[in-house]
file target-v1.cif (mmCIF, C-alpha atoms)
data_protein
loop_
_atom_site.label_atom_id
_atom_site.label_comp_id
_atom_site.auth_asym_id
_atom_site.auth_seq_id
_atom_site.Cartn_x
_atom_site.Cartn_y
_atom_site.Cartn_z
CA MET I 31 135.75 236.21 163.66
CA LEU I 32 137.50 236.80 166.96
CA VAL I 33 134.36 238.31 168.42
CA GLU I 34 132.32 235.34 167.26
CA PHE I 35 134.88 232.97 168.72
CA GLN I 36 134.83 234.79 172.05
CA GLU I 37 131.05 234.41 172.21
CA LEU I 38 131.33 230.69 171.50
CA VAL I 39 133.96 230.30 174.21
CA GLU I 40 131.78 232.04 176.78
CA GLN I 41 128.80 229.97 175.73
CA HIS I 42 130.47 226.55 175.76
CA ARG I 43 133.54 226.66 178.01
CA ASP I 44 131.76 225.38 181.14
CA ARG I 45 130.15 222.51 179.24
CA VAL I 46 133.47 221.47 177.72
CA PHE I 47 135.21 221.68 181.09
CA THR I 48 132.44 219.75 182.83
CA LEU I 49 132.45 216.95 180.28
CA ALA I 50 136.25 216.74 180.35
CA THR I 51 136.32 216.64 184.14
CA TYR I 52 133.81 213.82 184.39
CA LEU I 53 135.52 211.82 181.65
CA LEU I 54 139.07 212.35 182.88
CA GLY I 55 138.35 212.51 186.60
CA ASP I 56 140.95 215.22 187.12
CA ARG I 57 140.45 218.99 187.11
CA GLU I 58 143.94 219.89 185.95
CA GLU I 59 143.86 217.49 183.06
CA ALA I 60 140.37 218.74 182.25
CA ALA I 61 141.67 222.34 182.19
CA ASP I 62 144.40 221.33 179.74
CA ALA I 63 141.88 219.45 177.64
CA THR I 64 139.50 222.41 177.62
CA GLN I 65 142.21 224.78 176.43
CA GLU I 66 143.24 222.38 173.68
CA VAL I 67 139.67 221.79 172.53
CA LEU I 68 138.77 225.48 172.44
CA LEU I 69 141.91 226.28 170.45
CA ARG I 70 140.95 223.57 167.98
CA LEU I 71 137.59 225.29 167.66
CA TRP I 72 139.36 228.57 166.88
CA ARG I 73 141.54 226.94 164.20
CA ASN I 74 138.62 225.11 162.59
CA MET I 75 135.86 227.69 162.78
CA ASP I 76 135.82 228.10 159.02
CA HIS I 77 135.25 224.38 158.57
CA LEU I 78 132.50 223.73 161.11
CA ASP I 79 129.55 221.85 159.72
CA GLY I 80 126.66 221.89 162.13
CA SER I 81 126.40 223.33 165.61
CA ALA I 82 129.50 224.35 167.53
CA GLY I 83 128.11 222.65 170.64
CA ALA I 84 127.87 219.26 168.97
CA TRP I 85 131.31 219.68 167.42
CA LEU I 86 132.82 220.60 170.78
CA THR I 87 131.22 217.60 172.46
CA GLN I 88 132.67 215.24 169.87
CA VAL I 89 136.13 216.76 169.98
CA THR I 90 136.15 216.84 173.78
CA ARG I 91 135.18 213.17 174.00
CA ASN I 92 137.75 212.13 171.41
CA TYR I 93 140.49 214.15 173.06
CA CYS I 94 139.64 212.78 176.52
CA PHE I 95 139.54 209.20 175.26
CA ASP I 96 143.00 209.71 173.76
CA GLN I 97 144.25 210.99 177.10
CA LEU I 98 142.68 208.05 178.93
CA ARG I 99 144.37 205.62 176.53
CA LYS I 100 147.72 207.28 177.15
CA ARG I 101 147.08 207.18 180.88
CA ARG I 102 146.30 203.46 180.75
CA SER I 103 149.45 202.81 178.71
CA ARG I 104 151.54 204.70 181.26
CA ARG I 105 149.99 202.70 184.10
CA GLN I 106 150.58 199.44 182.30
CA ALA I 107 154.17 200.41 181.66
CA LEU I 108 154.57 201.03 185.39
CA GLY I 109 152.78 197.82 186.27
CA ASP I 110 150.02 199.78 187.99
CA GLU I 111 146.95 198.50 186.25
CA GLN I 112 144.70 198.43 189.28
CA GLU I 113 144.47 202.14 189.99
CA PRO I 114 140.82 203.01 189.71
CA GLU I 115 139.70 206.04 187.82
CA VAL I 116 137.85 207.51 190.76
CA PHE I 117 137.64 211.21 191.31
CA GLU I 118 136.41 213.34 194.13
CA LEU I 119 136.03 216.66 192.35
CA THR I 120 138.19 218.46 194.87
CA ALA I 121 139.17 222.06 194.23
CA GLU I 122 142.68 222.96 193.16
CA ASP I 123 143.66 223.97 196.68
CA GLY I 124 142.61 220.57 197.96
CA SER I 125 139.47 221.80 199.66
CA PRO I 126 136.27 219.93 198.94
CA GLY I 127 134.67 220.97 195.71
CA PRO I 128 131.07 221.17 194.66
CA GLU I 129 130.26 217.76 196.05
CA ARG I 130 130.44 219.28 199.53
CA ARG I 131 127.70 221.70 198.59
CA ALA I 132 125.76 218.82 197.08
CA GLY I 133 126.15 216.62 200.12
CA ASN I 134 129.32 214.59 200.25
CA SER I 135 127.76 211.30 201.13
CA GLU I 136 128.79 207.76 200.63
CA LEU I 137 126.12 207.43 197.97
CA MET I 138 127.60 210.30 195.98
CA ARG I 139 131.07 208.80 196.14
CA HIS I 140 129.77 205.42 195.01
CA LEU I 141 127.76 207.13 192.31
CA ARG I 142 130.79 208.91 190.88
CA ARG I 143 132.88 205.77 191.11
CA HIS I 144 130.36 203.61 189.32
CA LEU I 145 129.73 206.29 186.73
CA GLY I 146 133.46 206.36 186.04
CA GLU I 147 133.43 202.59 185.65
CA LEU I 148 130.54 202.53 183.22
CA GLY I 149 131.52 201.65 179.71
CA GLU I 150 130.89 203.83 176.73
CA PRO I 151 128.57 205.09 175.42
CA TYR I 152 126.57 204.86 178.66
CA ARG I 153 128.91 207.09 180.62
CA SER I 154 128.95 209.83 178.00
CA VAL I 155 125.20 209.83 177.43
CA LEU I 156 124.51 209.98 181.18
CA ILE I 157 126.93 212.87 181.67
CA LEU I 158 125.39 214.78 178.77
CA ARG I 159 121.85 214.07 179.93
CA GLU I 160 122.10 214.20 183.71
CA VAL I 161 124.88 216.74 184.20
CA GLN I 162 124.59 218.97 181.17
CA GLU I 163 120.83 218.52 180.75
CA MET I 164 121.15 218.23 177.01
CA LYS I 165 118.11 217.26 175.03
CA TYR I 166 117.95 213.93 173.22
CA ARG I 167 118.27 215.66 169.87
CA GLU I 168 121.40 217.53 171.01
CA ILE I 169 122.97 214.33 172.36
CA SER I 170 122.06 212.52 169.13
CA GLU I 171 123.80 215.21 167.09
CA ALA I 172 126.83 215.38 169.35
CA LEU I 173 127.42 211.66 169.45
CA GLU I 174 126.21 210.98 165.91
CA MET I 175 123.79 208.46 167.30
CA PRO I 176 120.11 207.97 166.37
CA ILE I 177 117.75 209.53 168.89
CA ASN I 178 116.17 206.20 169.79
CA THR I 179 119.60 204.74 170.45
CA VAL I 180 120.36 207.71 172.69
CA LYS I 181 117.22 207.04 174.71
CA VAL I 182 117.92 203.32 174.98
CA ASN I 183 121.50 203.95 176.09
CA ILE I 184 120.39 206.47 178.71
CA HIS I 185 117.84 204.07 180.08
CA ARG I 186 120.27 201.18 180.13
CA GLY I 187 122.95 203.33 181.72
CA ARG I 188 120.59 204.39 184.49
CA LYS I 189 119.48 200.82 185.04
CA MET I 190 123.11 199.68 185.28
CA LEU I 191 123.81 202.36 187.85
CA ARG I 192 120.68 201.45 189.73
CA ASP I 193 121.68 197.80 189.86
CA ARG I 194 125.18 198.65 191.07
CA LEU I 195 124.01 201.18 193.62
CA ARG I 196 120.99 199.26 194.85
CA GLU I 197 122.54 198.21 198.12
CA VAL I 198 124.07 201.61 198.81
CA MET I 199 120.85 203.43 198.02
CA THR I 200 118.80 201.06 200.12
CA HIS I 201 121.21 201.49 203.01
CA ALA I 202 121.21 205.27 202.60
CA GLN I 203 117.44 205.29 202.65
CA ALA I 204 117.33 203.23 205.81
CA CYS I 205 119.74 205.53 207.69
CA MET C 294 98.85 171.43 202.72
CA PRO C 295 100.84 174.31 201.22
CA ARG C 296 100.02 175.41 197.72
CA PRO C 297 102.64 174.52 195.09
CA ALA C 298 104.76 177.45 193.98
CA ASP C 299 103.30 179.34 191.07
CA PRO C 300 105.80 178.95 188.19
CA THR C 301 104.72 182.31 186.83
CA ARG C 302 105.94 184.01 189.96
CA ARG C 303 109.60 184.53 190.90
CA ARG C 304 111.45 185.64 193.98
CA GLY C 305 111.95 189.34 194.30
CA PRO C 306 114.93 191.08 195.93
CA ASN C 307 113.30 190.79 199.35
CA GLY C 308 112.54 187.12 198.94
CA GLY C 309 108.88 187.68 198.27
CA ALA C 310 107.15 186.33 195.19
CA GLU C 311 106.70 188.78 192.33
CA PRO C 312 104.20 188.62 189.51
CA ALA C 313 105.49 187.66 186.11
CA GLY C 314 106.35 190.59 183.89
CA CYS C 315 108.34 192.48 186.53
CA ASP C 316 111.44 192.35 184.36
CA ALA C 317 109.59 194.00 181.51
CA VAL C 318 108.12 196.60 183.86
CA ARG C 319 111.48 197.43 185.39
CA ASP C 320 112.97 197.87 181.95
CA ARG C 321 110.30 200.47 181.31
CA LEU C 322 110.68 202.45 184.49
CA GLU C 323 113.16 204.90 182.94
CA PRO C 324 111.05 205.76 179.90
CA PHE C 325 108.08 205.92 182.27
CA LEU C 326 109.83 208.52 184.40
CA ASP C 327 110.81 210.39 181.25
CA GLY C 328 107.18 210.43 180.15
CA GLU C 329 107.89 208.52 176.99
CA LEU C 330 105.40 205.68 177.27
CA ASP C 331 102.20 205.89 175.30
CA ASP C 332 98.95 206.09 177.24
CA GLN C 333 98.19 202.38 177.09
CA ALA C 334 101.68 201.29 178.12
CA GLU C 335 101.65 203.79 180.98
CA GLU C 336 98.26 202.57 182.15
CA ARG C 337 99.46 198.96 182.17
CA LEU C 338 102.59 199.89 184.05
CA ARG C 339 100.67 201.86 186.65
CA SER C 340 98.32 198.92 187.15
CA HIS C 341 101.29 196.64 187.70
CA LEU C 342 102.87 199.07 190.15
CA ASP C 343 99.63 199.22 192.14
CA ALA C 344 99.79 195.46 192.61
CA CYS C 345 103.55 194.93 192.94
CA PRO C 346 105.44 196.29 195.96
CA GLY C 347 108.74 195.05 194.51
CA CYS C 348 108.36 197.16 191.40
CA ARG C 349 107.15 200.11 193.45
CA GLU C 350 110.35 199.88 195.43
CA GLU C 351 112.31 199.66 192.18
CA LEU C 352 110.57 202.82 190.95
CA ALA C 353 111.51 204.58 194.17
CA LEU C 354 115.13 203.54 193.63
CA ALA C 355 115.05 204.91 190.10
CA GLU C 356 113.71 208.24 191.36
CA ARG C 357 116.27 208.33 194.13
CA LEU C 358 119.07 207.71 191.63
CA ARG C 359 117.91 210.62 189.49
CA THR C 360 117.95 212.91 192.49
CA ALA C 361 121.40 211.65 193.48
CA MET C 362 122.73 212.28 189.98
CA ARG C 363 121.34 215.80 189.96
CA GLU C 364 122.92 216.54 193.34
CA GLY C 365 126.10 214.50 193.06
CA LEU C 366 127.07 215.37 189.51
CA PRO C 367 126.95 219.16 189.37
CA ALA C 368 127.87 221.23 186.35
CA LEU C 369 131.29 222.84 186.82
CA GLU C 370 132.80 226.22 186.03
CA CYS C 371 135.76 226.47 183.71
CA PRO C 372 138.79 228.07 185.40
CA PRO C 373 139.18 231.68 184.22
CA GLU C 374 142.84 231.24 183.25
CA VAL C 375 141.81 228.69 180.61
CA THR C 376 139.61 231.27 178.92
CA GLU C 377 142.28 233.95 179.23
CA ASN C 378 144.92 231.73 177.63
CA VAL C 379 142.65 230.64 174.82
CA LEU C 380 141.56 234.17 173.91
CA ARG C 381 145.09 235.52 174.11
CA ILE C 382 146.42 232.83 171.75
CA ALA C 383 143.51 233.34 169.38
CA ARG C 384 144.11 237.10 169.37
CA GLU C 385 147.82 236.64 168.62
CA GLU C 386 147.10 234.24 165.78
CA ALA C 387 144.45 236.56 164.36
CA GLU C 388 146.84 239.52 164.44
CA THR C 389 149.56 237.49 162.81
CA GLU C 390 147.25 236.34 160.05
CA THR C 391 145.91 239.87 159.46
CA ALA C 392 149.41 241.32 159.24
CA SER C 393 150.42 238.58 156.83
CA ARG C 394 147.39 239.16 154.63
CA ASP C 395 148.00 242.92 154.59
CA ARG C 396 151.57 242.37 153.48
CA ILE C 397 150.44 240.12 150.66
CA GLU C 398 147.80 242.59 149.48
CA GLN C 399 150.38 245.34 149.48
CA GLY C 400 152.66 243.25 147.32
CA GLY C 401 154.92 242.30 150.15
CA ARG C 402 156.47 238.93 150.70
CA PRO C 403 154.38 236.49 152.71
CA ARG C 404 156.21 236.44 156.01
CA GLY C 405 153.29 234.84 157.85
CA TRP C 406 155.16 231.65 158.57
CA ILE C 407 157.91 233.56 160.30
CA ASP C 408 155.44 235.40 162.49
CA ARG C 409 153.53 232.18 163.06
CA LEU C 410 156.71 230.42 163.98
CA ARG C 411 157.50 233.27 166.34
CA SER C 412 153.99 233.05 167.79
CA TRP C 413 154.31 229.29 168.24
CA TRP C 414 157.65 229.75 169.92
CA SER C 415 156.19 232.13 172.48
CA ALA C 416 153.02 230.08 173.17
CA PRO C 417 152.31 229.94 176.90
CA ALA C 418 152.27 226.73 178.86
CA THR C 419 149.01 225.12 179.89
CA PRO C 420 147.35 226.32 183.12
CA SER C 421 148.63 223.36 185.08
CA GLY C 422 152.11 223.41 183.52
CA GLY C 423 151.55 219.78 182.76
CA THR C 424 153.08 217.74 180.02
CA VAL C 425 149.87 217.28 178.08
CA ARG C 426 150.79 220.36 176.09
CA ALA C 427 154.29 221.58 176.84
CA PRO C 428 155.41 224.00 174.17
CA ALA C 429 158.79 224.51 175.77
CA ALA C 430 159.72 220.83 175.50
CA LEU C 431 158.37 220.66 171.97
CA ARG C 432 160.25 223.77 170.92
CA TRP C 433 163.55 222.46 172.18
CA ALA C 434 162.84 219.03 170.67
CA ALA C 435 162.33 220.76 167.32
CA VAL C 436 165.62 222.66 167.74
CA ALA C 437 167.43 219.44 168.67
CA THR C 438 166.04 217.70 165.60
CA LEU C 439 167.17 220.47 163.28
CA LEU C 440 170.62 220.53 164.85
CA ALA C 441 170.89 216.77 164.59
CA LEU C 442 169.98 216.89 160.93
CA VAL C 443 172.44 219.73 160.25
CA VAL C 444 175.26 217.91 162.00
CA LEU C 445 174.51 214.33 161.06
CA VAL C 446 173.64 214.75 157.40
CA PRO C 447 177.16 215.95 156.44
CA LEU C 448 178.58 213.14 158.55
CA ALA C 449 176.35 210.68 156.75
CA VAL C 450 177.45 212.03 153.39
CA ARG C 451 181.09 211.66 154.38
CA GLU C 452 180.46 208.17 155.70
CA LEU C 453 178.78 207.20 152.50
CA ALA C 454 181.71 208.37 150.32
CA LEU C 455 182.67 205.16 148.66
CA PRO C 456 186.28 204.22 147.88
CA GLN C 457 187.45 204.01 144.29
CA PRO C 458 186.41 200.77 142.70
CA GLU C 459 189.16 198.20 142.68
CA ALA C 460 190.43 197.18 139.30
CA THR C 461 189.29 193.67 138.40
CA ARG C 462 191.06 191.34 136.08
CA ALA C 463 189.04 190.41 133.08
CA GLU C 464 188.58 186.71 132.51
CA ALA C 465 191.14 185.02 130.19
CA PRO C 466 189.84 184.58 126.70
CA ALA C 467 188.60 181.11 125.76
CA GLY C 468 190.93 178.82 123.82
CA GLY C 469 193.77 178.93 126.28
CA GLU C 470 195.58 181.90 124.82
CA GLU C 471 197.12 184.11 127.41
CA GLY C 472 196.29 187.66 126.45
CA PRO C 473 197.34 190.85 128.33
CA ALA C 474 195.69 191.46 131.80
CA ALA C 475 192.64 193.67 131.47
CA THR C 476 190.74 195.76 134.10
CA THR C 477 187.17 196.84 134.12
CA GLU C 478 186.75 200.36 135.31
CA GLY C 479 183.79 201.64 137.39
CA GLU C 480 182.91 198.31 138.96
CA TYR C 481 182.83 197.70 142.70
CA THR C 482 183.57 194.40 144.27
CA PRO C 483 180.77 192.68 146.16
CA GLU C 484 182.71 193.29 149.38
CA GLN C 485 182.90 197.01 148.74
CA ILE C 486 179.20 197.16 148.01
CA ALA C 487 178.31 195.20 151.13
CA ARG C 488 180.54 197.41 153.30
CA ALA C 489 179.06 200.62 151.89
CA GLU C 490 175.53 199.34 152.40
CA LEU C 491 176.26 198.43 155.99
CA GLU C 492 177.71 201.85 156.72
CA ALA C 493 174.76 203.57 155.09
CA ARG C 494 172.28 201.55 157.14
CA ARG C 495 174.13 202.39 160.34
CA VAL C 496 174.15 206.10 159.66
CA LEU C 497 170.51 206.17 158.61
CA ALA C 498 169.48 204.25 161.71
CA THR C 499 171.32 206.76 163.86
CA VAL C 500 169.64 209.70 162.18
CA ALA C 501 166.24 208.03 162.43
CA ALA C 502 166.68 207.23 166.11
CA VAL C 503 167.64 210.79 166.94
CA GLY C 504 165.05 212.46 164.87
CA ARG C 505 162.04 210.15 165.08
CA ASP C 506 160.08 211.60 167.95
CA ALA C 507 161.32 215.11 167.57
CA GLY C 508 160.73 214.90 163.87
CA GLU C 509 157.10 214.00 164.47
CA THR C 510 156.88 216.98 166.78
CA VAL C 511 158.45 219.22 164.20
CA ARG C 512 156.10 217.90 161.58
CA ARG C 513 153.05 218.41 163.71
CA GLU C 514 153.87 221.62 165.49
CA VAL C 515 156.14 223.43 163.10
CA LEU C 516 155.25 222.26 159.66
CA ALA C 517 151.52 221.77 160.13
CA GLY C 518 150.89 224.56 162.59
CA ALA C 519 153.41 227.12 161.49
CA VAL C 520 153.85 226.46 157.80
CA VAL C 521 151.17 224.38 156.10
CA ARG C 522 148.09 225.94 157.64
CA PRO C 523 149.29 229.56 157.36
CA ALA C 524 150.40 228.92 153.79
CA ARG C 525 146.99 227.50 152.99
CA ARG C 526 145.29 230.51 154.54
CA ALA C 527 147.56 232.88 152.67
CA VAL C 528 146.66 231.22 149.39
CA GLU C 529 142.97 231.34 150.21
CA GLY C 530 143.37 234.97 151.16
CA LEU C 531 144.95 235.69 147.80
CA ARG C 532 142.10 234.00 146.01
CA GLU C 533 139.47 235.88 147.92
CA THR C 534 141.10 239.32 147.78
CA GLY C 535 138.51 241.78 146.72
CA SER C 536 135.55 239.43 147.19
CA ASP C 537 133.29 238.89 150.16
CA ARG C 538 133.94 235.72 152.11
CA THR C 539 130.81 233.70 152.74
CA ARG C 540 130.75 232.35 156.23
CA ARG C 541 129.10 229.28 157.37
CA GLN C 542 127.56 229.81 160.78
CA PRO C 543 128.39 227.17 163.38
#

call {"tool": "encode", "arguments": {"input": "target-v1.cif", "output": "structure tokens"}}
result
Amino acid sequence: MLVEFQELVEQHRDRVFTLATYLLGDREEAADATQEVLLRLWRNMDHLDGSAGAWLTQVTRNYCFDQLRKRRSRRQALGDEQEPEVFELTAEDGSPGPERRAGNSELMRHLRRHLGELGEPYRSVLILREVQEMKYREISEALEMPINTVKVNIHRGRKMLRDRLREVMTHAQAC
Amino acid sequence: MPRPADPTRRRGPNGGAEPAGCDAVRDRLEPFLDGELDDQAEERLRSHLDACPGCREELALAERLRTAMREGLPALECPPEVTENVLRIAREEAETETASRDRIEQGGRPRGWIDRLRSWWSAPATPSGGTVRAPAALRWAAVATLLALVVLVPLAVRELALPQPEATRAEAPAGGEEGPAATTEGEYTPEQIARAELEARRVLATVAAVGRDAGETVRREVLAGAVVRPARRAVEGLRETGSDRTRRQP
């Protein structure tokens, strides 16, 4: 079983980490979340019903939402409710992360900010579709959502982003 | 004389008039780009786009957004230390469980919970050393809870030791005759009862306050992780000794 688990870890660790990073907006918290989620996979391997990928997506989302709730409670307790959940995907040593390779433009920063501000389930479906390139059927299974609802939510999420980024994209095009 | 405004047309984002139906077309741009429209719907949309610069611009924005998402939202690589930690912990737990099962099959006592407790005690911290999962703090919280219970429970028992009931005079018999004074044994006065109850509440509140959070930690980390789950696995192992276990593939 250990060998099987190791194969699952190698197959899914990047996806789990990517999803956690985009939901939490923080690499260190995402690393903690990834470790916790993978250990839960190890301790529940005998009870999995369905694909490990879908299970991991669900558990990662649920764990990250719990962490976000705790984070909001801490901020409210400190009276700091206005801190935006924006992230820049910098590396651990503070140097620019992948966004530098992708072109660290104003549009990208606005894109990540507005994605972080999107409500659920739009944010999750867009991350799974646009970042992780999951198929509709995989997203449907992971989120326990009918396929047509997945499609509608993806389309609505993109339209919301488009509406919010219209001015920035138009300006970027003009420059 | 200028023509009256066509009510079926509305102002677009650039101030120009747009044909009616642009809202419906723009709602379909995403499925159009995903290739999900049927042939007729796609043909109608393309016809509209040919005639509507506003919607053509909207389509360009949608395409630009997709490109931006592909470039600005890259897939990330999991830090190697996360994988190392996870596999090490899994290996330790697997070895502990195997050793426990072997002992049971050989007629030995199930010491799995001790080994599991030992394994839990030596669990490494998270890669960032953050407080999301801090075994060291949890371990010491569990120790503090146990110590508090060991120390406070005897104190509580002593506190709750009630004084001997005071003798109470029985009521004088009816008819006015004065009989000898009588006492009822084993009865406590209302004041004694109220005092004892107050003391008990105080002690219990103290114990609860000390042990609440740490107790939850003990329950979750020690009992569930180190006792309940290993015990369940040991029982399942006993049941399945000598038979093949059927696995369900993830």

call {"tool": "closest_residue", "arguments": {"input": "target-v1.cif", "among": "C:Ala368, C:Ser340, C:Phe325, C:Arg349", "to": "chain I", "atoms": "only C-alpha atoms"}}
result
C:Ala368

call {"tool": "resolve_selection", "arguments": {"input": "target-v1.cif", "expression": "the PyMOL selection byres ((chain I and resi 63-70) around 7)", "output": "list in words"}}
result
Val46, Phe47, Ala50, Glu59, Ala60, Ala61, Asp62, Leu71, Trp72, Arg73, Asn74, Val89 and Thr90 of chain I; Val375 and Val379 of chain C

call {"tool": "closest_atom_pairs", "arguments": {"input": "target-v1.cif", "of": "chain I", "to": "chain C", "cutoff": "6 Å", "atoms": "all atoms listed in the file", "output": "tab-separated table"}}
result
residue	atom	partner	partner_atom	distance
I:Asp44	CA	C:Cys371	CA	4.9
I:Phe47	CA	C:Cys371	CA	5.5
I:Thr48	CA	C:Leu369	CA	5.2
I:Glu58	CA	C:Ser421	CA	5.9
I:Asp62	CA	C:Thr419	CA	6.0
I:Gln65	CA	C:Val375	CA	5.7
I:Leu78	CA	C:Pro543	CA	5.8
I:Gly80	CA	C:Pro543	CA	5.7
I:Ser81	CA	C:Pro543	CA	4.9
I:Ala82	CA	C:Pro543	CA	5.1
I:Ala132	CA	C:Glu364	CA	5.2
I:Met138	CA	C:Gly365	CA	5.3
I:Val161	CA	C:Ala368	CA	5.8
I:His185	CA	C:Glu323	CA	5.5

call {"tool": "resolve_selection", "arguments": {"input": "target-v1.cif", "expression": "the PyMOL selection byres ((chain I and resi 154) around 10)", "output": "PyMOL selection string"}}
result
chain I and resi 49+52-53+87+91+145-146+148-153+155-160+169+173+183-184+187

call {"tool": "atom_distance", "arguments": {"input": "target-v1.cif", "atom1": "CA of Glu388 (chain C)", "atom2": "CA of Gln88 (chain I)"}}
result
28.6 Å

call {"tool": "axis_aligned_box", "arguments": {"input": "target-v1.cif", "around": "region 390-396 of chain C", "padding_each_side": "3 Å", "output": "lines of an AutoDock Vina configuration file"}}
result
center_x = 148.7
center_y = 239.6
center_z = 156.8
size_x = 11.7
size_y = 12.6
size_z = 12.6

call {"tool": "closest_residue", "arguments": {"input": "target-v1.cif", "among": "I:Ala107, I:Met164, I:Val182, I:Leu137", "to": "Thr200 (chain I)", "atoms": "only C-alpha atoms"}}
result
I:Leu137

call {"tool": "atom_distance", "arguments": {"input": "target-v1.cif", "atom1": "CA of Val180 (chain I)", "atom2": "CA of Gly347 (chain C)"}}
result
27.8 Å

call {"tool": "atom_distance", "arguments": {"input": "target-v1.cif", "atom1": "CA of Ala434 (chain C)", "atom2": "CA of Ala501 (chain C)"}}
result
14.2 Å

call {"tool": "build_atoms", "arguments": {"input": "target-v1.cif", "residues": "region 73-85 of chain I", "atoms": "N, CA, C and O atoms", "output": "mmCIF file, in the frame of the given file"}}
result
data_model
loop_
_atom_site.group_PDB
_atom_site.id
_atom_site.type_symbol
_atom_site.label_atom_id
_atom_site.label_comp_id
_atom_site.auth_asym_id
_atom_site.auth_seq_id
_atom_site.Cartn_x
_atom_site.Cartn_y
_atom_site.Cartn_z
ATOM 1 N N ARG I 73 140.805 227.246 165.421
ATOM 2 C CA ARG I 73 141.540 226.940 164.200
ATOM 3 C C ARG I 73 140.682 226.227 163.167
ATOM 4 O O ARG I 73 141.119 226.023 162.045
ATOM 5 N N ASN I 74 139.483 225.820 163.540
ATOM 6 C CA ASN I 74 138.620 225.110 162.590
ATOM 7 C C ASN I 74 137.274 225.797 162.395
ATOM 8 O O ASN I 74 136.356 225.192 161.836
ATOM 9 N N MET I 75 137.161 227.028 162.850
ATOM 10 C CA MET I 75 135.860 227.690 162.780
ATOM 11 C C MET I 75 135.347 227.826 161.356
ATOM 12 O O MET I 75 134.149 227.788 161.124
ATOM 13 N N ASP I 76 136.268 227.975 160.411
ATOM 14 C CA ASP I 76 135.820 228.100 159.020
ATOM 15 C C ASP I 76 135.304 226.787 158.460
ATOM 16 O O ASP I 76 134.702 226.755 157.392
ATOM 17 N N HIS I 77 135.597 225.687 159.141
ATOM 18 C CA HIS I 77 135.250 224.380 158.570
ATOM 19 C C HIS I 77 134.162 223.665 159.357
ATOM 20 O O HIS I 77 133.894 222.491 159.118
ATOM 21 N N LEU I 78 133.533 224.384 160.312
ATOM 22 C CA LEU I 78 132.500 223.730 161.110
ATOM 23 C C LEU I 78 131.285 223.421 160.248
ATOM 24 O O LEU I 78 130.849 224.240 159.450
ATOM 25 N N ASP I 79 130.757 222.242 160.450
ATOM 26 C CA ASP I 79 129.550 221.850 159.720
ATOM 27 C C ASP I 79 128.541 221.394 160.752
ATOM 28 O O ASP I 79 128.637 220.303 161.294
ATOM 29 N N GLY I 80 127.595 222.241 161.077
ATOM 30 C CA GLY I 80 126.660 221.890 162.130
ATOM 31 C C GLY I 80 126.859 222.823 163.308
ATOM 32 O O GLY I 80 127.488 223.865 163.209
ATOM 33 N N SER I 81 126.324 222.432 164.465
ATOM 34 C CA SER I 81 126.400 223.330 165.610
ATOM 35 C C SER I 81 127.767 223.207 166.288
ATOM 36 O O SER I 81 128.381 222.140 166.327
ATOM 37 N N ALA I 82 128.212 224.349 166.827
ATOM 38 C CA ALA I 82 129.500 224.350 167.530
ATOM 39 C C ALA I 82 129.416 223.474 168.768
ATOM 40 O O ALA I 82 130.397 222.819 169.145
ATOM 41 N N GLY I 83 128.266 223.452 169.432
ATOM 42 C CA GLY I 83 128.110 222.650 170.640
ATOM 43 C C GLY I 83 128.325 221.171 170.378
ATOM 44 O O GLY I 83 129.047 220.488 171.103
ATOM 45 N N ALA I 84 127.710 220.674 169.314
ATOM 46 C CA ALA I 84 127.870 219.260 168.970
ATOM 47 C C ALA I 84 129.320 218.961 168.601
ATOM 48 O O ALA I 84 129.885 217.943 169.005
ATOM 49 N N TRP I 85 129.909 219.868 167.829
ATOM 50 C CA TRP I 85 131.310 219.680 167.420
ATOM 51 C C TRP I 85 132.212 219.628 168.645
ATOM 52 O O TRP I 85 133.095 218.773 168.756
#
